[in-house]
Amino acid sequence: MAPKRFCVVATVVALSAMGLTACGGGDDDGGSDSGGNVSMTLWHNSTTGPGKAFWDKTAADFHTAHPNVTIKVQSVQNEDLDGKLQTSLNSGSAPDLFLQRGGGKMAAMVEAGQLKDITDDITAETKQAVGDAALGTGQVDGKTYAVPVSILPGGFWYSKDIFKKAGVTATPTTMEELSAAATKLKANGTPIALGAKDAWPAAHWFYFFALRNCSKDSLDAAAKDKNFSDPCWTKAGEDLKAFADTQPFNQGFLTTSAQQGAGSSAGLIANYKAGMELMGSWDPGVIAGLTKDKKPLPDLGFFPFPAVSGGQGDPAAIMGGADGYSCSAQAPKECADFLNYIVTKPVQEEYYKAFNSLPINKDAQGAVTEDYLKAVLDAYNKAPYVSQWLDTVYGQNVGNALNVGVVNLLAGKGDVAGIIKAVNDAAKKG
């Protein structure tokens with residue numbers, strides 16, 4: 001989900017029962033009226049805590065600065081967002097502003113004519129603050145359809161106290177070292193938390209094994225051709241299966257959610273029930289919302305996914321994303337004004353505080369104080385290349401097949417060949 005993904009603390013929101021509509025799709029309550037007033041709808045995935053408060057405040061502050069513009073903010077539970085958004089886009093009732101995953105999913109929206117081309121609306125200030133590389137994550141064929149708000153590299157989030165208690169004195173840099181650490185941690189409880197109920201967190205494991213086993217050329221070729229016949233994909237699955245067979249995950253991981261409640265994988269980290277979790281850099285904010293005092297975990301640390309023996313990928317490569325926001329095709333011009341606004345330094349500093357995640361604005365990154373986020377930023381800046389989450393890169397059909405295939409593998413209901421066949425079949429369907 002990635003997240004899948006830009007995933008913050010979530011509770012279930014029953015949108016359908018509320019009869020929500022969005023002004024961008026021709027809702028009677030939206031658009032511009034004869035008096036020049038503009039009403040827009042914003043969908044995001046922060047349904048509680050500081051994240052929800054951030055979007056409410058940001059919309060209110062924008063209204064204060066632009067009294068003729070009102071933004072109606074709606075929270076959508078993360079795992080529901082993609083489906084609800086696609087349904088609204090297809091029906092012509094999409095929100096004006098919404099969380100954008102990017103990659104193949106965004107490209108499909110562009111092809112369907114569902115997104116507003118905001119290329120000419122991006123200000124010089126935004127370009128300077130964000131940079132060409134980050135802005136490129138919101139582009140298709142050189143045109144801009146989204147503005148990123150956060151850097152979201154993935155890796156391991158761990159409890160320094162639990163590691164120390166188990167006698168793990170250094171963070172693993174190879175899979176052999178990770179296996180050894182998991183063995184030590186198992187003597188004191190659960191080594192690794194995994195919320196496979198939501199599918200994508202389990203698939204993250206395959207993604208990272210693929211990042212380490214496949215060369216950049218192989219990853220790029222698969223993104224272009226949607227062909228997964230390169231042996232590196234099979235090796236990624238075999239490596240995952242071998243590691244999973246050592247039983248490093250929490251009991252009942254197949255029915256454990258990723259981010260909802262104390263019993264989720266993030267909750268296990270938050271409450272010292274597991275040593276580490278493989279997740280994107282939104283995880284600190286999620287974990288903070290699930291601690292007993294609702295504060296960041298004081299001993300939280302980060303390390304990148306380890307090197308894999310025999311892998312063709314660069315061991316310093318990073319996987320993640322740069323989640324952003326798009327305007328639907330029929331959104332008013334003020335939509336792009338809001339996108340420029342949310343990447344300004346003051347708003348980005350507030351974003352960092354609310355989500356405990358790295359801001360996209362380079363000047364705002366100076367406000368980051370946590371060692372674990374500095375470690376993420378260091379790994380990100382040193383990376384020879386960065387891959388987006390694979391289910392985002394390959395689009396919804398292939399992504400879903402990949403996620404389900406990995407869960408079946410971990411559940412003993414499928415094999416590596418089944419994963420490769422499923423994604424190849426999904427790619428043929430488009």
# chains A, B, ... in the order shown; residues from 1 in each chain; ligands from 1
>>> closest_atom_pairs(of="stretch 247-280 of chain A", to="stretch 407-415 of chain A", cutoff="12 Å", atoms="only C-alpha atoms", output="Markdown table")
| residue | atom | partner | partner_atom | distance |
| --- | --- | --- | --- | --- |
| A:Gln247 | CA | A:Leu410 | CA | 10.2 |
| A:Pro248 | CA | A:Leu410 | CA | 11.7 |
| A:Phe249 | CA | A:Leu410 | CA | 10.5 |
| A:Gly252 | CA | A:Ala411 | CA | 10.5 |
| A:Phe253 | CA | A:Ala411 | CA | 9.6 |
| A:Leu254 | CA | A:Ala411 | CA | 7.2 |
| A:Thr255 | CA | A:Ala411 | CA | 10.5 |
>>> write_last_selection(atoms="all heavy atoms", output="short mmCIF file (atom, residue, chain, number, x, y, z; two decimals), in the first residue's frame")
data_model
loop_
_atom_site.label_atom_id
_atom_site.label_comp_id
_atom_site.auth_asym_id
_atom_site.auth_seq_id
_atom_site.Cartn_x
_atom_site.Cartn_y
_atom_site.Cartn_z
N GLN A 247 9.91 -19.24 10.73
CA GLN A 247 8.83 -18.78 11.62
C GLN A 247 9.24 -17.55 12.43
O GLN A 247 9.18 -17.56 13.67
CB GLN A 247 8.39 -19.91 12.54
CG GLN A 247 7.85 -21.11 11.77
CD GLN A 247 7.34 -22.22 12.68
OE1 GLN A 247 7.69 -22.30 13.86
NE2 GLN A 247 6.50 -23.08 12.15
N PRO A 248 9.59 -16.46 11.75
CA PRO A 248 10.00 -15.26 12.46
C PRO A 248 8.85 -14.32 12.83
O PRO A 248 9.04 -13.36 13.57
CB PRO A 248 10.92 -14.57 11.45
CG PRO A 248 10.30 -14.93 10.13
CD PRO A 248 9.76 -16.33 10.30
N PHE A 249 7.65 -14.60 12.31
CA PHE A 249 6.54 -13.66 12.45
C PHE A 249 5.65 -13.99 13.67
O PHE A 249 5.70 -15.09 14.21
CB PHE A 249 5.68 -13.65 11.19
CG PHE A 249 6.45 -13.36 9.94
CD1 PHE A 249 6.40 -14.23 8.85
CD2 PHE A 249 7.26 -12.23 9.84
CE1 PHE A 249 7.12 -13.98 7.69
CE2 PHE A 249 7.99 -11.96 8.69
CZ PHE A 249 7.92 -12.84 7.61
N GLY A 252 -0.37 -16.00 14.39
CA GLY A 252 -1.61 -15.47 13.84
C GLY A 252 -1.40 -14.30 12.90
O GLY A 252 -2.33 -13.51 12.68
N PHE A 253 -0.23 -14.19 12.30
CA PHE A 253 0.06 -13.03 11.45
C PHE A 253 -0.87 -12.95 10.24
O PHE A 253 -1.11 -11.86 9.70
CB PHE A 253 1.52 -13.04 11.00
CG PHE A 253 1.90 -14.13 10.04
CD1 PHE A 253 1.79 -13.95 8.67
CD2 PHE A 253 2.39 -15.34 10.50
CE1 PHE A 253 2.15 -14.95 7.78
CE2 PHE A 253 2.76 -16.35 9.62
CZ PHE A 253 2.63 -16.16 8.25
N LEU A 254 -1.40 -14.08 9.80
CA LEU A 254 -2.30 -14.08 8.64
C LEU A 254 -3.63 -13.40 8.93
O LEU A 254 -4.32 -12.93 8.00
CB LEU A 254 -2.54 -15.51 8.16
CG LEU A 254 -1.33 -16.20 7.52
CD1 LEU A 254 -1.60 -17.69 7.35
CD2 LEU A 254 -0.99 -15.56 6.17
N THR A 255 -4.01 -13.32 10.19
CA THR A 255 -5.27 -12.66 10.56
C THR A 255 -5.03 -11.36 11.34
O THR A 255 -5.95 -10.80 11.92
CB THR A 255 -6.13 -13.62 11.41
OG1 THR A 255 -5.40 -14.05 12.56
CG2 THR A 255 -6.56 -14.82 10.59
#
>>> select_by_dssp(residues="stretch 321-430 of chain A", states="strand (DSSP E)", output="NGL selection string")
:A and (324-327 or 358-359 or 386-388)
>>> write_last_selection(atoms="N, CA and C atoms", output="mmCIF file, in the first residue's frame")
data_model
loop_
_atom_site.group_PDB
_atom_site.id
_atom_site.type_symbol
_atom_site.label_atom_id
_atom_site.label_comp_id
_atom_site.auth_asym_id
_atom_site.auth_seq_id
_atom_site.Cartn_x
_atom_site.Cartn_y
_atom_site.Cartn_z
ATOM 1 N N GLY A 324 1.380 11.698 -2.764
ATOM 2 C CA GLY A 324 0.998 13.085 -3.010
ATOM 3 C C GLY A 324 -0.495 13.246 -3.133
ATOM 4 N N TYR A 325 -0.896 14.347 -3.733
ATOM 5 C CA TYR A 325 -2.315 14.647 -3.931
ATOM 6 C C TYR A 325 -2.559 15.101 -5.354
ATOM 7 N N SER A 326 -3.680 14.654 -5.900
ATOM 8 C CA SER A 326 -4.091 14.991 -7.257
ATOM 9 C C SER A 326 -5.385 15.783 -7.237
ATOM 10 N N CYS A 327 -5.660 16.422 -8.367
ATOM 11 C CA CYS A 327 -6.946 17.077 -8.603
ATOM 12 C C CYS A 327 -7.710 16.244 -9.624
ATOM 13 N N LEU A 358 8.822 12.052 7.001
ATOM 14 C CA LEU A 358 9.700 13.006 6.337
ATOM 15 C C LEU A 358 8.945 13.905 5.364
ATOM 16 N N PRO A 359 9.066 15.213 5.512
ATOM 17 C CA PRO A 359 8.412 16.138 4.579
ATOM 18 C C PRO A 359 9.130 16.162 3.238
ATOM 19 N N VAL A 386 15.839 4.592 -6.415
ATOM 20 C CA VAL A 386 14.685 4.381 -5.553
ATOM 21 C C VAL A 386 13.553 3.792 -6.389
ATOM 22 N N SER A 387 13.006 2.690 -5.951
ATOM 23 C CA SER A 387 11.858 2.077 -6.612
ATOM 24 C C SER A 387 10.601 2.385 -5.820
ATOM 25 N N GLN A 388 9.522 2.701 -6.528
ATOM 26 C CA GLN A 388 8.240 2.819 -5.849
ATOM 27 C C GLN A 388 7.751 1.428 -5.452
#
>>> select_by_dssp(residues="stretch 229-290 of chain A", states="alpha helix (DSSP H)", output="PyMOL selection string")
chain A and resi 231-244+265-270+283-290
>>> residues_around(residues="A:Lys421", least_positions_apart="6", cutoff="10 Å", atoms="only C-alpha atoms", output="number ranges by chain")
A: 228-229, 401-402, 405, 427
>>> closest_residue(among="A:Leu42, A:Ala242, A:Met175, A:Ile118", to="A:Leu85", atoms="only C-alpha atoms")
A:Leu42
>>> atom_distance(atom1="atom CA of A:Ser91", atom2="atom CA of A:Val398")
22.8 Å
>>> closest_residue(among="A:Ala236, A:Ile122, A:Ala182, A:Ala270", to="A:Ser215", atoms="only C-alpha atoms")
A:Ala236
>>> closest_residue(among="A:Asn227, A:Asn356, A:Gln100, A:Gln260", to="A:Ala426", atoms="only C-alpha atoms")
A:Asn227
>>> atom_distance(atom1="atom CA of A:Lys165", atom2="atom CA of A:Gly267")
19.6 Å
